[in-house]
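The structure appears right after this line, and notes come after that.
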Amino acid sequence: MLVAALSLSIATAAMVARGQMATADRIKDPGWWPTKGTAARSEYAGTAACRDCHPRESASQPSTSMARTAARADRSDVLRASPRLTFDNAGYAYAIASDGPQPLYGVTQNERSSSAPLTWAFGDGKVGQSYLFERDGAFYEARVSYYQSVHGLGFTPGRALAAPRSIDEAMGRRLDDTELRRCFACHTTAPIAAGKFDASTAVPGITCEGCHGPGRRHAEVMKQPRHVAGDAPMLNPANLTAEESLDFCGACHGSFFDVVLAGETGIAAMRSQPYRLRTSRCWTKADARLACIACHEPHRPLETGADAYDDRCRSCHVSAGAQPSAEHPGRACPVGTAGCPACHMPKFEVPDMKHRFTDHRIRVVERAAKKLGGQGRP
């Protein structure tokens, strides 16, 4: 135990020295960082201000899962496509009816019932979608969510109740201020301004300013002669170091320290891609070729083809017969050169979410299923 604790302490100190930090510490530093809410709402310009100078990114980014990760419930494509969704458990009947102007969520048990209009939908629906409703000025998380794999409802991850004590408990769970801010900060743009949370003015989904920061000053300056006003630069994540890049995406997807401090392990930790990538066997030295954006272009939809990422792997690994070098330190694959992620980044089922997620801990997979709960490889 002492040796393990000492090893973790040494590893932690080394990562701090290289600049890796928890998100709570990152947002205290000057400058922009995802989920930071210190800027005034007047500092945001909106996506329209970006189009003239960045037409390609502005045209493709709205179709990404990040841009579609939140919507007002009455604009949810999932609910529009499914006028009535139902789910039964332990004598409780759950239903979402979307055939009116506002989706109505309700729970019935014998003669008792409770209902409320849904106000927000989180998730683009490709895996699932969860819902919020409001009562007496407070936000509640609906007890059920939509899952694409079953084209229907099921318990919201981690919220299953075998025997609710009341109809209200069956209906949902009240969100406290901390959780509310965290959820909206990663699913919407500018929900927190000047330190104050306001869901009514949050922009659904992650837009340009969700990653690059408030852009009003930048947009105004770029319309003026540069030699007079300067550039008023926005944060460009492409200029971050590899360690910073993982922390940047990890602000919402789970950085190394965020996962460690939360005490997450096993399947729960596996879903935090930046954390798992940081623990990869490949990450012996921070390398931009292993950062999140080396494989995922944030302005375009996710590539899902079996061999879509092979060229990224070959940027580090040599071909058969060649010897590793300083520029290409990865050895040649002994079994082939196609479909690298299928072997080295297997998918694992997350039961609560009814979906198989890619494990971003790149490695020669041996006994991985046992370590992650005994589930088999795809």
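The way I read the labels, and the way they are meant: chains A, B, ... in the order of the structure tokens, residue 1 as the first residue of every chain, and ligand 1 as the first ligand shown, with later ones counted on from there.
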What residues in range 44-76 of chain A get the DSSP label alpha helix (DSSP H)? Please answer as a ChimeraX atom specification. /A:55-60
Would you write out those residues with N, CA and C atoms, as a compact mmCIF listing (two decimals), in the first residue's frame?
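Below is the file that was written, out03.txt:
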```txt
# COMPACT_ATOMS: atom_id res chain seq x y z
N PRO A 55 -15.50 30.47 -42.73
CA PRO A 55 -16.67 29.87 -43.37
C PRO A 55 -16.69 28.35 -43.33
N ARG A 56 -15.52 27.71 -43.51
CA ARG A 56 -15.49 26.24 -43.54
C ARG A 56 -15.89 25.66 -42.19
N GLU A 57 -15.28 26.16 -41.12
CA GLU A 57 -15.58 25.65 -39.79
C GLU A 57 -17.02 25.98 -39.39
N SER A 58 -17.46 27.18 -39.76
CA SER A 58 -18.81 27.60 -39.40
C SER A 58 -19.87 26.76 -40.12
N ALA A 59 -19.53 26.25 -41.29
CA ALA A 59 -20.48 25.45 -42.05
C ALA A 59 -20.60 24.02 -41.52
N SER A 60 -19.47 23.45 -41.04
CA SER A 60 -19.48 22.05 -40.63
C SER A 60 -19.70 21.83 -39.13
```
Find the residues near range 155-168 of chain A: any atom within 8 Å, counting only C-alpha atoms, skip ones fewer than 4 places away on the same chain, and give them as a compact mmCIF listing (two decimals) with N, CA and C atoms, in the first residue's frame.
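Contents of selection12.txt, as written:
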```txt
# COMPACT_ATOMS: atom_id res chain seq x y z
N ASN A 89 -41.88 0.25 -14.78
CA ASN A 89 -41.02 -0.42 -13.80
C ASN A 89 -41.66 -0.36 -12.42
N ALA A 90 -41.73 -1.53 -11.78
CA ALA A 90 -42.21 -1.66 -10.40
C ALA A 90 -43.55 -0.96 -10.18
N VAL A 107 -45.46 10.56 -14.77
CA VAL A 107 -45.32 9.28 -14.08
C VAL A 107 -46.65 8.96 -13.42
N THR A 108 -47.10 7.71 -13.59
CA THR A 108 -48.36 7.27 -13.00
C THR A 108 -48.15 6.00 -12.20
N GLN A 109 -48.80 5.94 -11.02
CA GLN A 109 -48.73 4.74 -10.19
C GLN A 109 -50.08 4.60 -9.50
N ARG A 112 -52.31 7.63 -8.55
CA ARG A 112 -51.49 8.82 -8.40
C ARG A 112 -50.74 9.12 -9.69
N SER A 113 -50.53 10.41 -9.94
CA SER A 113 -49.77 10.79 -11.14
C SER A 113 -49.13 12.14 -10.91
N SER A 114 -48.07 12.38 -11.68
CA SER A 114 -47.36 13.65 -11.62
C SER A 114 -46.79 13.93 -13.00
N SER A 130 -30.92 12.76 -22.21
CA SER A 130 -31.52 12.93 -20.89
C SER A 130 -32.26 14.25 -20.83
N ALA A 142 -34.96 14.18 -15.06
CA ALA A 142 -35.98 13.14 -15.23
C ALA A 142 -35.39 11.79 -14.89
N ARG A 143 -36.20 10.93 -14.29
CA ARG A 143 -35.73 9.61 -13.87
C ARG A 143 -35.43 8.71 -15.07
N VAL A 144 -36.00 9.02 -16.22
CA VAL A 144 -35.78 8.20 -17.41
C VAL A 144 -35.13 9.00 -18.53
N SER A 145 -34.41 8.31 -19.39
CA SER A 145 -33.73 8.90 -20.55
C SER A 145 -34.04 8.07 -21.79
N GLY A 172 -38.25 12.28 -10.57
CA GLY A 172 -36.93 12.81 -10.87
C GLY A 172 -36.14 13.20 -9.64
N ASP A 352 -25.41 0.88 -17.96
CA ASP A 352 -26.37 1.95 -17.66
C ASP A 352 -26.73 2.76 -18.90
N MET A 353 -25.82 2.78 -19.89
CA MET A 353 -26.05 3.60 -21.07
C MET A 353 -26.40 2.78 -22.30
```
Write out as a PyMOL selection string which residues come within 6 Å of range 198-206 of chain A when counting only C-alpha atoms, dropping same-chain ones fewer than 6 positions away. chain A and resi 66-71+187-191
Please return, as a JSON list (two decimals) with N, CA and C atoms, in the first residue's frame, all residues of range 15-102 of chain A that DSSP assigns to strand (DSSP E) on the basis of the backbone.
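Output (out.json):
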```json
[["chain", "number", "residue", "atom", "x", "y", "z"],
["A", 70, "ALA", "N", -27.01, 19.69, -26.68],
["A", 70, "ALA", "CA", -28.12, 20.20, -25.87],
["A", 70, "ALA", "C", -29.11, 20.91, -26.78],
["A", 71, "ALA", "N", -30.36, 20.86, -26.38],
["A", 71, "ALA", "CA", -31.41, 21.56, -27.13],
["A", 71, "ALA", "C", -32.56, 21.87, -26.18],
["A", 72, "ARG", "N", -33.28, 22.91, -26.47],
["A", 72, "ARG", "CA", -34.54, 23.10, -25.76],
["A", 72, "ARG", "C", -35.39, 21.87, -26.07],
["A", 84, "ARG", "N", -44.56, 9.63, -28.70],
["A", 84, "ARG", "CA", -44.87, 9.07, -27.38],
["A", 84, "ARG", "C", -43.86, 7.98, -27.04],
["A", 85, "LEU", "N", -43.19, 8.16, -25.92],
["A", 85, "LEU", "CA", -42.22, 7.19, -25.41],
["A", 85, "LEU", "C", -42.69, 6.72, -24.04],
["A", 86, "THR", "N", -42.59, 5.41, -23.77],
["A", 86, "THR", "CA", -43.07, 4.88, -22.49],
["A", 86, "THR", "C", -42.06, 3.91, -21.90],
["A", 87, "PHE", "N", -42.19, 3.73, -20.58],
["A", 87, "PHE", "CA", -41.33, 2.81, -19.84],
["A", 87, "PHE", "C", -42.05, 2.44, -18.54],
["A", 88, "ASP", "N", -42.08, 1.15, -18.21],
["A", 88, "ASP", "CA", -42.75, 0.68, -16.99],
["A", 88, "ASP", "C", -41.75, -0.01, -16.08],
["A", 89, "ASN", "N", -41.88, 0.25, -14.78],
["A", 89, "ASN", "CA", -41.02, -0.42, -13.80],
["A", 89, "ASN", "C", -41.66, -0.36, -12.42],
["A", 92, "TYR", "N", -44.75, 1.56, -11.77],
["A", 92, "TYR", "CA", -44.74, 2.96, -12.18],
["A", 92, "TYR", "C", -44.68, 3.03, -13.71],
["A", 93, "ALA", "N", -45.53, 3.84, -14.29],
["A", 93, "ALA", "CA", -45.58, 4.01, -15.74],
["A", 93, "ALA", "C", -45.03, 5.39, -16.09],
["A", 94, "TYR", "N", -43.94, 5.41, -16.84],
["A", 94, "TYR", "CA", -43.29, 6.66, -17.27],
["A", 94, "TYR", "C", -43.66, 6.93, -18.73],
["A", 95, "ALA", "N", -43.85, 8.19, -19.07],
["A", 95, "ALA", "CA", -44.20, 8.53, -20.45],
["A", 95, "ALA", "C", -43.74, 9.93, -20.79],
["A", 96, "ILE", "N", -43.33, 10.10, -22.05],
["A", 96, "ILE", "CA", -43.03, 11.43, -22.60],
["A", 96, "ILE", "C", -43.88, 11.59, -23.85],
["A", 97, "ALA", "N", -44.78, 12.56, -23.81],
["A", 97, "ALA", "CA", -45.66, 12.83, -24.95],
["A", 97, "ALA", "C", -45.19, 14.11, -25.63]]
```
Residue neighbourhood Asp177 in chain A, 10 Å, only C-alpha atoms, exclusion window fewer than 6 positions, as a ChimeraX atom specification: /A:138-139,183,197
Enter the distance from CA of Arg75 in chain A to CA of Thr35 in chain A, in Å, rounded to one decimal.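 Atom-to-atom, CA of Arg75 in chain A and CA of Thr35 in chain A are spaced 23.8 Å apart.
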Proximity to Ala306 in chain A - best of A:Ile293, A:Cys333, A:Met345, A:Ala286, only C-alpha atoms: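 Using only C-alpha atoms, Ala306 in chain A sits closest to A:Met345.
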Two-atom distance - CA of Glu349 in chain A, CA of Met270 in chain A (Å):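 Between CA of Glu349 in chain A and CA of Met270 in chain A the gap works out to 10.3 Å.
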